[in-house]
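Undergrad: Supplied structure: structure.csv, CSV, N, CA and C atoms.
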chain,number,residue,atom,x,y,z
U,260,MET,N,-42.5,35.7,-96.8
U,260,MET,CA,-41.0,35.9,-96.6
U,260,MET,C,-40.8,37.4,-96.1
U,261,GLU,N,-39.9,37.5,-95.2
U,261,GLU,CA,-39.6,38.9,-94.7
U,261,GLU,C,-38.8,39.6,-95.7
U,262,LEU,N,-39.0,41.0,-95.8
U,262,LEU,CA,-38.2,41.8,-96.6
U,262,LEU,C,-37.3,42.6,-95.8
U,263,LYS,N,-36.0,42.6,-96.2
U,263,LYS,CA,-35.0,43.4,-95.4
U,263,LYS,C,-34.5,44.5,-96.4
U,264,VAL,N,-34.4,45.7,-95.8
U,264,VAL,CA,-34.0,46.9,-96.6
U,264,VAL,C,-32.9,47.6,-95.8
U,265,SER,N,-31.7,47.8,-96.5
U,265,SER,CA,-30.7,48.6,-95.9
U,265,SER,C,-30.2,49.7,-96.8
U,266,THR,N,-29.8,50.8,-96.3
U,266,THR,CA,-29.4,51.9,-97.2
U,266,THR,C,-28.0,52.4,-96.7
U,267,ARG,N,-27.2,52.9,-97.6
U,267,ARG,CA,-26.0,53.6,-97.3
U,267,ARG,C,-25.9,54.7,-98.3
U,268,SER,N,-25.5,55.9,-97.7
U,268,SER,CA,-25.4,57.1,-98.5
U,268,SER,C,-24.0,57.6,-98.5
U,269,HIS,N,-23.6,58.2,-99.6
U,269,HIS,CA,-22.2,58.8,-99.8
U,269,HIS,C,-22.2,59.8,-100.9
U,270,ALA,N,-21.8,60.9,-100.6
U,270,ALA,CA,-21.5,62.0,-101.7
U,270,ALA,C,-22.7,62.2,-102.6
U,271,GLY,N,-23.9,62.3,-102.0
U,271,GLY,CA,-25.1,62.6,-102.8
U,271,GLY,C,-25.8,61.4,-103.4
U,272,HIS,N,-25.3,60.2,-103.2
U,272,HIS,CA,-26.0,59.1,-103.8
U,272,HIS,C,-26.3,58.1,-102.7
U,273,THR,N,-27.3,57.3,-102.9
U,273,THR,CA,-27.7,56.3,-101.9
U,273,THR,C,-27.8,54.9,-102.6
U,274,VAL,N,-27.3,53.9,-102.0
U,274,VAL,CA,-27.5,52.5,-102.4
U,274,VAL,C,-28.5,51.9,-101.4
U,275,MET,N,-29.6,51.4,-102.0
U,275,MET,CA,-30.6,50.7,-101.2
U,275,MET,C,-30.5,49.2,-101.6
U,276,THR,N,-30.2,48.4,-100.6
U,276,THR,CA,-30.1,46.9,-100.8
U,276,THR,C,-31.4,46.3,-100.3
U,277,ILE,N,-32.1,45.5,-101.1
U,277,ILE,CA,-33.3,44.8,-100.8
U,277,ILE,C,-33.0,43.3,-100.8
U,278,VAL,N,-33.5,42.6,-99.8
U,278,VAL,CA,-33.3,41.2,-99.7
U,278,VAL,C,-34.7,40.6,-99.4
U,279,GLY,N,-35.1,39.6,-100.2
U,279,GLY,CA,-36.4,38.9,-100.0
U,279,GLY,C,-37.3,39.1,-101.2
U,280,GLU,N,-38.6,39.1,-100.9
U,280,GLU,CA,-39.6,39.2,-101.9
U,280,GLU,C,-40.4,40.5,-101.7
U,281,ILE,N,-40.7,41.2,-102.9
U,281,ILE,CA,-41.5,42.4,-102.8
U,281,ILE,C,-42.8,42.0,-103.4
U,282,ASP,N,-43.8,42.0,-102.5
U,282,ASP,CA,-45.2,41.6,-102.9
U,282,ASP,C,-46.2,42.4,-102.1
U,283,LEU,N,-47.4,42.0,-102.2
U,283,LEU,CA,-48.5,42.7,-101.6
U,283,LEU,C,-48.3,42.9,-100.1
U,284,TYR,N,-47.7,41.9,-99.4
U,284,TYR,CA,-47.5,42.0,-98.0
U,284,TYR,C,-46.2,42.8,-97.6
U,285,THR,N,-45.2,42.8,-98.4
U,285,THR,CA,-44.0,43.5,-98.0
U,285,THR,C,-43.8,44.9,-98.6
U,286,ALA,N,-44.6,45.1,-99.7
U,286,ALA,CA,-44.5,46.4,-100.4
U,286,ALA,C,-44.7,47.6,-99.5
U,287,PRO,N,-45.7,47.6,-98.5
U,287,PRO,CA,-45.8,48.8,-97.6
U,287,PRO,C,-44.6,49.1,-96.8
U,288,GLY,N,-43.8,48.1,-96.4
U,288,GLY,CA,-42.6,48.3,-95.7
U,288,GLY,C,-41.6,49.0,-96.6
U,289,LEU,N,-41.5,48.6,-97.8
U,289,LEU,CA,-40.6,49.2,-98.8
U,289,LEU,C,-41.0,50.6,-99.0
U,290,GLN,N,-42.3,50.8,-99.2
U,290,GLN,CA,-42.8,52.2,-99.4
U,290,GLN,C,-42.4,53.1,-98.2
U,291,SER,N,-42.5,52.6,-97.0
U,291,SER,CA,-42.1,53.3,-95.8
U,291,SER,C,-40.6,53.7,-95.8
U,292,GLU,N,-39.8,52.7,-96.3
U,292,GLU,CA,-38.3,53.0,-96.3
U,292,GLU,C,-38.0,54.1,-97.3
U,293,PHE,N,-38.7,54.1,-98.5
U,293,PHE,CA,-38.5,55.1,-99.5
U,293,PHE,C,-38.9,56.5,-98.9
U,294,THR,N,-40.1,56.5,-98.3
U,294,THR,CA,-40.6,57.8,-97.7
U,294,THR,C,-39.6,58.3,-96.7
U,295,ARG,N,-39.1,57.4,-95.8
U,295,ARG,CA,-38.1,57.8,-94.8
U,295,ARG,C,-36.8,58.4,-95.4
U,296,LEU,N,-36.3,57.6,-96.4
U,296,LEU,CA,-35.1,58.1,-97.1
U,296,LEU,C,-35.3,59.4,-97.7
U,297,LEU,N,-36.4,59.7,-98.4
U,297,LEU,CA,-36.6,60.9,-99.1
U,297,LEU,C,-36.8,62.1,-98.1
U,298,LEU,N,-37.4,61.8,-97.0
U,298,LEU,CA,-37.6,62.8,-96.0
U,298,LEU,C,-36.3,63.2,-95.2
U,299,GLU,N,-35.5,62.2,-95.0
U,299,GLU,CA,-34.3,62.4,-94.1
U,299,GLU,C,-33.0,62.7,-94.8
U,300,THR,N,-33.0,62.5,-96.1
U,300,THR,CA,-31.8,62.8,-96.9
U,300,THR,C,-32.1,63.7,-98.1
U,301,PRO,N,-31.1,64.4,-98.5
U,301,PRO,CA,-31.2,65.2,-99.7
U,301,PRO,C,-30.9,64.5,-101.0
U,302,THR,N,-30.7,63.2,-100.9
U,302,THR,CA,-30.2,62.4,-102.0
U,302,THR,C,-31.1,62.5,-103.3
U,303,THR,N,-30.4,62.6,-104.4
U,303,THR,CA,-31.1,62.7,-105.7
U,303,THR,C,-30.8,61.5,-106.6
U,304,TYR,N,-29.8,60.7,-106.2
U,304,TYR,CA,-29.4,59.5,-107.0
U,304,TYR,C,-29.5,58.3,-106.1
U,305,VAL,N,-30.5,57.4,-106.5
U,305,VAL,CA,-30.6,56.2,-105.7
U,305,VAL,C,-30.5,55.0,-106.6
U,306,VAL,N,-29.7,54.0,-106.2
U,306,VAL,CA,-29.5,52.8,-106.9
U,306,VAL,C,-30.0,51.7,-106.0
U,307,ILE,N,-30.9,50.9,-106.5
U,307,ILE,CA,-31.4,49.7,-105.7
U,307,ILE,C,-30.7,48.5,-106.2
U,308,ASP,N,-30.0,47.9,-105.2
U,308,ASP,CA,-29.3,46.6,-105.4
U,308,ASP,C,-30.4,45.5,-105.3
U,309,MET,N,-30.8,44.9,-106.4
U,309,MET,CA,-31.8,43.9,-106.5
U,309,MET,C,-31.3,42.5,-106.6
U,310,SER,N,-30.0,42.3,-106.3
U,310,SER,CA,-29.4,41.0,-106.5
U,310,SER,C,-29.9,39.9,-105.5
U,311,LYS,N,-30.5,40.4,-104.5
U,311,LYS,CA,-31.1,39.4,-103.5
U,311,LYS,C,-32.6,39.4,-103.4
U,312,VAL,N,-33.2,40.0,-104.5
U,312,VAL,CA,-34.7,40.0,-104.5
U,312,VAL,C,-35.1,38.8,-105.3
U,313,GLU,N,-35.8,37.9,-104.6
U,313,GLU,CA,-36.2,36.6,-105.2
U,313,GLU,C,-37.4,36.8,-106.1
U,314,PHE,N,-38.3,37.8,-105.8
U,314,PHE,CA,-39.6,37.9,-106.5
U,314,PHE,C,-40.1,39.4,-106.3
U,315,CYS,N,-40.7,39.9,-107.4
U,315,CYS,CA,-41.3,41.2,-107.3
U,315,CYS,C,-42.6,41.2,-108.1
U,316,ASP,N,-43.7,41.4,-107.4
U,316,ASP,CA,-45.0,41.5,-108.1
U,316,ASP,C,-45.4,42.9,-108.5
U,317,SER,N,-46.6,43.1,-109.1
U,317,SER,CA,-47.0,44.4,-109.6
U,317,SER,C,-47.1,45.4,-108.5
U,318,THR,N,-47.4,45.0,-107.2
U,318,THR,CA,-47.4,45.9,-106.1
U,318,THR,C,-46.0,46.4,-105.9
U,319,GLY,N,-45.0,45.6,-105.9
U,319,GLY,CA,-43.7,46.0,-105.7
U,319,GLY,C,-43.2,46.9,-106.8
U,320,MET,N,-43.6,46.6,-108.1
U,320,MET,CA,-43.2,47.5,-109.2
U,320,MET,C,-43.8,48.9,-109.0
U,321,ASN,N,-45.1,48.9,-108.5
U,321,ASN,CA,-45.7,50.2,-108.3
U,321,ASN,C,-45.0,51.0,-107.2
U,322,VAL,N,-44.4,50.4,-106.2
U,322,VAL,CA,-43.7,51.1,-105.2
U,322,VAL,C,-42.4,51.7,-105.8
U,323,LEU,N,-41.7,50.9,-106.7
U,323,LEU,CA,-40.5,51.4,-107.3
U,323,LEU,C,-40.9,52.5,-108.3
U,324,LEU,N,-42.0,52.4,-109.0
U,324,LEU,CA,-42.4,53.5,-109.9
U,324,LEU,C,-42.7,54.8,-109.1
U,325,ALA,N,-43.4,54.7,-108.0
U,325,ALA,CA,-43.7,55.8,-107.1
U,325,ALA,C,-42.4,56.5,-106.6
U,326,ALA,N,-41.5,55.7,-106.2
U,326,ALA,CA,-40.2,56.2,-105.8
U,326,ALA,C,-39.5,56.9,-106.9
U,327,LEU,N,-39.5,56.4,-108.1
U,327,LEU,CA,-38.9,57.0,-109.2
U,327,LEU,C,-39.5,58.4,-109.5
U,328,LYS,N,-40.8,58.4,-109.4
U,328,LYS,CA,-41.6,59.7,-109.7
U,328,LYS,C,-41.2,60.7,-108.6
U,329,ARG,N,-41.1,60.3,-107.4
U,329,ARG,CA,-40.8,61.3,-106.3
U,329,ARG,C,-39.3,61.8,-106.5
U,330,LEU,N,-38.4,60.9,-106.9
U,330,LEU,CA,-37.1,61.4,-107.1
U,330,LEU,C,-37.0,62.3,-108.3
U,331,LYS,N,-37.7,62.0,-109.3
U,331,LYS,CA,-37.7,62.9,-110.5
U,331,LYS,C,-38.2,64.3,-110.2
U,332,GLU,N,-39.2,64.3,-109.3
U,332,GLU,CA,-39.8,65.6,-108.9
U,332,GLU,C,-38.8,66.5,-108.2
U,333,ARG,N,-37.8,65.8,-107.5
U,333,ARG,CA,-36.7,66.6,-106.9
U,333,ARG,C,-35.4,66.7,-107.8
U,334,GLY,N,-35.6,66.3,-109.0
U,334,GLY,CA,-34.5,66.4,-110.0
U,334,GLY,C,-33.5,65.3,-109.9
U,335,GLY,N,-34.0,64.2,-109.4
U,335,GLY,CA,-33.1,63.0,-109.3
U,335,GLY,C,-33.5,61.8,-110.1
U,336,THR,N,-32.9,60.7,-109.8
U,336,THR,CA,-33.2,59.5,-110.6
U,336,THR,C,-33.1,58.3,-109.6
U,337,LEU,N,-33.7,57.2,-110.1
U,337,LEU,CA,-33.6,55.9,-109.4
U,337,LEU,C,-33.3,54.9,-110.4
U,338,GLU,N,-32.3,54.1,-110.1
U,338,GLU,CA,-31.8,53.0,-111.0
U,338,GLU,C,-31.8,51.7,-110.3
U,339,LEU,N,-32.0,50.6,-111.1
U,339,LEU,CA,-32.0,49.3,-110.6
U,339,LEU,C,-30.7,48.6,-111.0
U,340,ALA,N,-30.1,47.8,-110.0
U,340,ALA,CA,-28.9,47.1,-110.3
U,340,ALA,C,-29.0,45.6,-110.0
U,341,ALA,N,-28.5,44.8,-110.9
U,341,ALA,CA,-28.3,43.3,-110.7
U,341,ALA,C,-29.6,42.6,-110.4
U,342,PRO,N,-30.7,42.8,-111.1
U,342,PRO,CA,-31.9,42.1,-110.9
U,342,PRO,C,-31.7,40.6,-111.3
U,343,ARG,N,-32.3,39.7,-110.5
U,343,ARG,CA,-32.2,38.3,-110.9
U,343,ARG,C,-33.1,38.0,-112.1
U,344,PRO,N,-32.9,36.9,-112.7
U,344,PRO,CA,-33.7,36.6,-114.0
U,344,PRO,C,-35.2,36.7,-113.8
U,345,ALA,N,-35.8,36.3,-112.7
U,345,ALA,CA,-37.3,36.4,-112.5
U,345,ALA,C,-37.7,37.9,-112.5
U,346,VAL,N,-36.9,38.7,-111.8
U,346,VAL,CA,-37.3,40.1,-111.7
U,346,VAL,C,-37.0,40.8,-113.0
U,347,ARG,N,-35.9,40.5,-113.7
U,347,ARG,CA,-35.6,41.0,-115.0
U,347,ARG,C,-36.8,40.7,-116.0
U,348,LYS,N,-37.3,39.5,-115.9
U,348,LYS,CA,-38.4,39.1,-116.8
U,348,LYS,C,-39.6,40.0,-116.6
U,349,ILE,N,-39.9,40.2,-115.3
U,349,ILE,CA,-41.1,41.1,-115.0
U,349,ILE,C,-40.9,42.5,-115.6
U,350,LEU,N,-39.7,43.0,-115.4
U,350,LEU,CA,-39.3,44.3,-116.0
U,350,LEU,C,-39.5,44.3,-117.5
U,351,GLN,N,-39.1,43.3,-118.2
U,351,GLN,CA,-39.2,43.2,-119.6
U,351,GLN,C,-40.6,43.0,-120.1
U,352,VAL,N,-41.4,42.2,-119.4
U,352,VAL,CA,-42.8,41.9,-119.8
U,352,VAL,C,-43.6,43.1,-119.7
U,353,THR,N,-43.4,43.9,-118.6
U,353,THR,CA,-44.2,45.1,-118.3
U,353,THR,C,-43.7,46.3,-119.1
U,354,GLY,N,-42.5,46.2,-119.7
U,354,GLY,CA,-41.9,47.4,-120.4
U,354,GLY,C,-41.2,48.3,-119.4
U,355,LEU,N,-41.1,48.0,-118.2
U,355,LEU,CA,-40.5,48.9,-117.2
U,355,LEU,C,-39.0,48.9,-117.3
U,356,ASP,N,-38.4,47.9,-118.1
U,356,ASP,CA,-37.0,48.0,-118.4
U,356,ASP,C,-36.6,49.2,-119.2
U,357,SER,N,-37.6,49.8,-119.9
U,357,SER,CA,-37.3,51.0,-120.6
U,357,SER,C,-37.7,52.3,-119.8
U,358,VAL,N,-38.3,52.1,-118.7
U,358,VAL,CA,-38.6,53.2,-117.8
U,358,VAL,C,-37.5,53.4,-116.8
U,359,PHE,N,-37.0,52.4,-116.2
U,359,PHE,CA,-35.8,52.4,-115.3
U,359,PHE,C,-34.5,52.2,-116.1
U,360,THR,N,-33.5,52.8,-115.6
U,360,THR,CA,-32.1,52.4,-116.0
U,360,THR,C,-31.8,51.1,-115.2
U,361,VAL,N,-31.5,50.0,-115.9
U,361,VAL,CA,-31.2,48.8,-115.3
U,361,VAL,C,-29.8,48.4,-115.6
U,362,HIS,N,-29.0,48.2,-114.5
U,362,HIS,CA,-27.6,47.8,-114.6
U,362,HIS,C,-27.5,46.3,-114.4
U,363,GLU,N,-26.6,45.6,-115.1
U,363,GLU,CA,-26.4,44.2,-115.0
U,363,GLU,C,-25.8,43.9,-113.6
U,364,ALA,N,-25.0,44.8,-113.1
U,364,ALA,CA,-24.3,44.7,-111.8
U,364,ALA,C,-24.3,46.1,-111.1
U,365,MET,N,-23.9,46.1,-109.9
U,365,MET,CA,-23.8,47.4,-109.2
U,365,MET,C,-22.8,48.3,-109.9
U,366,PRO,N,-23.1,49.5,-110.2
U,366,PRO,CA,-22.1,50.4,-110.8
U,366,PRO,C,-20.9,50.5,-110.0
U,367,GLY,N,-19.7,50.4,-110.6
U,367,GLY,CA,-18.4,50.4,-109.9
U,367,GLY,C,-18.2,51.6,-109.0
U,368,LYS,N,-18.6,52.7,-109.5
U,368,LYS,CA,-18.4,54.0,-108.7
U,368,LYS,C,-19.1,53.9,-107.4
U,369,LEU,N,-20.1,53.1,-107.3
U,369,LEU,CA,-20.8,53.0,-106.0
U,369,LEU,C,-20.2,52.0,-105.1
U,370,LEU,N,-19.6,51.0,-105.7
U,370,LEU,CA,-18.9,50.0,-104.9
U,370,LEU,C,-17.6,50.5,-104.2
U,371,THR,N,-17.0,51.4,-104.9
U,371,THR,CA,-15.7,51.9,-104.3
U,371,THR,C,-15.9,53.1,-103.3
U,372,ALA,N,-17.1,53.6,-103.2
U,372,ALA,CA,-17.4,54.7,-102.3
U,372,ALA,C,-17.3,54.2,-100.9
U,373,ASP,N,-16.8,55.1,-100.0
U,373,ASP,CA,-16.8,54.7,-98.6
U,373,ASP,C,-18.2,54.9,-98.1
U,374,PRO,N,-18.8,53.8,-97.6
U,374,PRO,CA,-20.2,53.9,-97.1
U,374,PRO,C,-20.3,54.7,-95.8
U,375,LYS,N,-21.3,55.4,-95.6
U,375,LYS,CA,-21.6,56.1,-94.4
U,375,LYS,C,-23.1,56.4,-94.3
U,376,GLY,N,-23.6,56.7,-93.1
U,376,GLY,CA,-25.0,57.0,-92.9
U,376,GLY,C,-25.8,55.9,-92.8
Go ahead and render the structure in this file as structure tokens.
TA:
Amino acid sequence: MELKVSTRSHAGHTVMTIVGEIDLYTAPGLQSEFTRLLLETPTTYVVIDMSKVEFCDSTGMNVLLAALKRLKERGGTLELAAPRPAVRKILQVTGLDSVFTVHEAMPGKLLTADPKG
């Protein structure tokens, strides 16, 4: 399955929307998107909209952890929003739900921001 990633930035935060499956085959593309985002923008607050992620394996979780580490190194944070039950279960089983801030839905302050970029 193809992975689609889109980003929009506003006032120092970025929302990254991921659609599809994050696995061994698609994780490198997601890693590239994070690298591009961190090189091209000064953002320190990233929220990943996971509402359309059907599946995420350990490779995908490692990409998310690496992105979290890189953001923390620049004084920022990465949060996950609206994970589907299958992804939420992986977060719980691996204990990553205590590493990431996980929102049930997209934080309202991000939904009301005018998207740009």
Undergrad: Where does DSSP see strand (DSSP E) in chain U, if you list the residues as number ranges by chain?
TA: U: 263-269, 272-281, 304-315, 336-340, 360-362
Undergrad: Name the residues, using the chain letters and numbers of the file, that sit within 8 Å of (-41.9, 44.9, -105.2) when counting only C-alpha atoms, and give them as a PDB file with N, CA and C atoms, keeping the file's coordinate frame.
TA:
ATOM      1  N   GLU U 280     -38.600  39.100-100.900  1.00  0.00           N
ATOM      2  CA  GLU U 280     -39.600  39.200-101.900  1.00  0.00           C
ATOM      3  C   GLU U 280     -40.400  40.500-101.700  1.00  0.00           C
ATOM      4  N   ILE U 281     -40.700  41.200-102.900  1.00  0.00           N
ATOM      5  CA  ILE U 281     -41.500  42.400-102.800  1.00  0.00           C
ATOM      6  C   ILE U 281     -42.800  42.000-103.400  1.00  0.00           C
ATOM      7  N   ASP U 282     -43.800  42.000-102.500  1.00  0.00           N
ATOM      8  CA  ASP U 282     -45.200  41.600-102.900  1.00  0.00           C
ATOM      9  C   ASP U 282     -46.200  42.400-102.100  1.00  0.00           C
ATOM     10  N   LEU U 283     -47.400  42.000-102.200  1.00  0.00           N
ATOM     11  CA  LEU U 283     -48.500  42.700-101.600  1.00  0.00           C
ATOM     12  C   LEU U 283     -48.300  42.900-100.100  1.00  0.00           C
ATOM     13  N   THR U 285     -45.200  42.800 -98.400  1.00  0.00           N
ATOM     14  CA  THR U 285     -44.000  43.500 -98.000  1.00  0.00           C
ATOM     15  C   THR U 285     -43.800  44.900 -98.600  1.00  0.00           C
ATOM     16  N   ALA U 286     -44.600  45.100 -99.700  1.00  0.00           N
ATOM     17  CA  ALA U 286     -44.500  46.400-100.400  1.00  0.00           C
ATOM     18  C   ALA U 286     -44.700  47.600 -99.500  1.00  0.00           C
ATOM     19  N   LEU U 289     -41.500  48.600 -97.800  1.00  0.00           N
ATOM     20  CA  LEU U 289     -40.600  49.200 -98.800  1.00  0.00           C
ATOM     21  C   LEU U 289     -41.000  50.600 -99.000  1.00  0.00           C
ATOM     22  N   PHE U 314     -38.300  37.800-105.800  1.00  0.00           N
ATOM     23  CA  PHE U 314     -39.600  37.900-106.500  1.00  0.00           C
ATOM     24  C   PHE U 314     -40.100  39.400-106.300  1.00  0.00           C
ATOM     25  N   CYS U 315     -40.700  39.900-107.400  1.00  0.00           N
ATOM     26  CA  CYS U 315     -41.300  41.200-107.300  1.00  0.00           C
ATOM     27  C   CYS U 315     -42.600  41.200-108.100  1.00  0.00           C
ATOM     28  N   ASP U 316     -43.700  41.400-107.400  1.00  0.00           N
ATOM     29  CA  ASP U 316     -45.000  41.500-108.100  1.00  0.00           C
ATOM     30  C   ASP U 316     -45.400  42.900-108.500  1.00  0.00           C
ATOM     31  N   SER U 317     -46.600  43.100-109.100  1.00  0.00           N
ATOM     32  CA  SER U 317     -47.000  44.400-109.600  1.00  0.00           C
ATOM     33  C   SER U 317     -47.100  45.400-108.500  1.00  0.00           C
ATOM     34  N   THR U 318     -47.400  45.000-107.200  1.00  0.00           N
ATOM     35  CA  THR U 318     -47.400  45.900-106.100  1.00  0.00           C
ATOM     36  C   THR U 318     -46.000  46.400-105.900  1.00  0.00           C
ATOM     37  N   GLY U 319     -45.000  45.600-105.900  1.00  0.00           N
ATOM     38  CA  GLY U 319     -43.700  46.000-105.700  1.00  0.00           C
ATOM     39  C   GLY U 319     -43.200  46.900-106.800  1.00  0.00           C
ATOM     40  N   MET U 320     -43.600  46.600-108.100  1.00  0.00           N
ATOM     41  CA  MET U 320     -43.200  47.500-109.200  1.00  0.00           C
ATOM     42  C   MET U 320     -43.800  48.900-109.000  1.00  0.00           C
ATOM     43  N   ASN U 321     -45.100  48.900-108.500  1.00  0.00           N
ATOM     44  CA  ASN U 321     -45.700  50.200-108.300  1.00  0.00           C
ATOM     45  C   ASN U 321     -45.000  51.000-107.200  1.00  0.00           C
ATOM     46  N   VAL U 322     -44.400  50.400-106.200  1.00  0.00           N
ATOM     47  CA  VAL U 322     -43.700  51.100-105.200  1.00  0.00           C
ATOM     48  C   VAL U 322     -42.400  51.700-105.800  1.00  0.00           C
ATOM     49  N   LEU U 323     -41.700  50.900-106.700  1.00  0.00           N
ATOM     50  CA  LEU U 323     -40.500  51.400-107.300  1.00  0.00           C
ATOM     51  C   LEU U 323     -40.900  52.500-108.300  1.00  0.00           C
TER      52      LEU U 323
END
Undergrad: So which one's closest to Phe359 (chain U), U:Leu337, U:Leu298, U:Val274, U:Ala345? Using all atoms listed in the file, please.
TA: U:Leu337
Undergrad: Considering only C-alpha atoms, can you say which of U:Ala325, U:Leu355, U:Ala364, U:Leu330 comes closest to Thr273 (chain U)?
TA: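 Ranking U:Ala325, U:Leu355, U:Ala364, U:Leu330 by distance to Thr273 (chain U), first place goes to U:Leu330.
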Undergrad: What is the distance, in Å and to one decimal place, between CA of Met275 (chain U) and CA of Ile307 (chain U)?
TA: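 Computing it gives 4.7 Å between the two atoms.
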Undergrad: Could you tell me how far atom N of Gly335 (chain U) sits from atom C of Lys311 (chain U), in Å to one decimal place?
TA: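 Answer for the atom C of Lys311 (chain U) to atom N of Gly335 (chain U) separation: 25.6 Å.
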Undergrad: So which bits of region 260-374 of chain U end up alpha helix (DSSP H) when you DSSP the backbone, as an MDAnalysis selection string?
TA: chainID U and resid 286:299 317:332 344:353 367:370
Undergrad: What separation in Å, quoted to one decimal, exists between CA of Asp356 (chain U) and atom C of Glu299 (chain U)?
TA: 28.1 Å
Undergrad: Within 8 Å of (-33.1, 45.4, -94.9) (file coordinates; only C-alpha atoms), which protein or nucleic acid residues are there? I'd like them as an MDAnalysis selection string.
TA: chainID U and resid 262:266 276:278
Undergrad: Which residue, U:Ser268, U:Val312, U:Thr294, U:Glu261, has the smallest gap to Arg343 (chain U) when you use all atoms listed in the file?
TA: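 For Arg343 (chain U), the nearest of the given residues is U:Val312.
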Undergrad: Which of these, U:Ser291, U:Thr360, U:Thr353, U:Thr336, has the shortest distance to Tyr304 (chain U) once you count only C-alpha atoms?
TA: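 Under the stated criterion, the closest residue is U:Thr336.
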Undergrad: Would you mind telling me which residue in U:Ala270, U:Lys328, U:Pro366, U:Gly334 lies nearest to Val306 (chain U) when using only N, CA and C atoms?
TA: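 Under the stated criterion, the closest residue is U:Pro366.
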Undergrad: If we count only C-alpha atoms and set the cut-off at 10 Å, which residues sit around Arg333 (chain U), ignoring sequence neighbours fewer than 5 positions away in its own chain? Please answer as a compact mmCIF listing (two decimals) with N, CA and C atoms, in the frame of the given file.
TA:
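Writing done, so here's out_16.txt:
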# COMPACT_ATOMS: atom_id res chain seq x y z
N LEU U 297 -36.40 59.70 -98.40
CA LEU U 297 -36.60 60.90 -99.10
C LEU U 297 -36.80 62.10 -98.10
N PRO U 301 -31.10 64.40 -98.50
CA PRO U 301 -31.20 65.20 -99.70
C PRO U 301 -30.90 64.50 -101.00
N THR U 302 -30.70 63.20 -100.90
CA THR U 302 -30.20 62.40 -102.00
C THR U 302 -31.10 62.50 -103.30
N THR U 303 -30.40 62.60 -104.40
CA THR U 303 -31.10 62.70 -105.70
C THR U 303 -30.80 61.50 -106.60
N LYS U 328 -40.80 58.40 -109.40
CA LYS U 328 -41.60 59.70 -109.70
C LYS U 328 -41.20 60.70 -108.60
Undergrad: For Glu338 (chain U), which residue out of U:His269, U:His362, U:Gly367, U:Arg295 is the nearest one, using only N, CA and C atoms?
TA: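 Smallest separation from Glu338 (chain U) among the options: U:His362.
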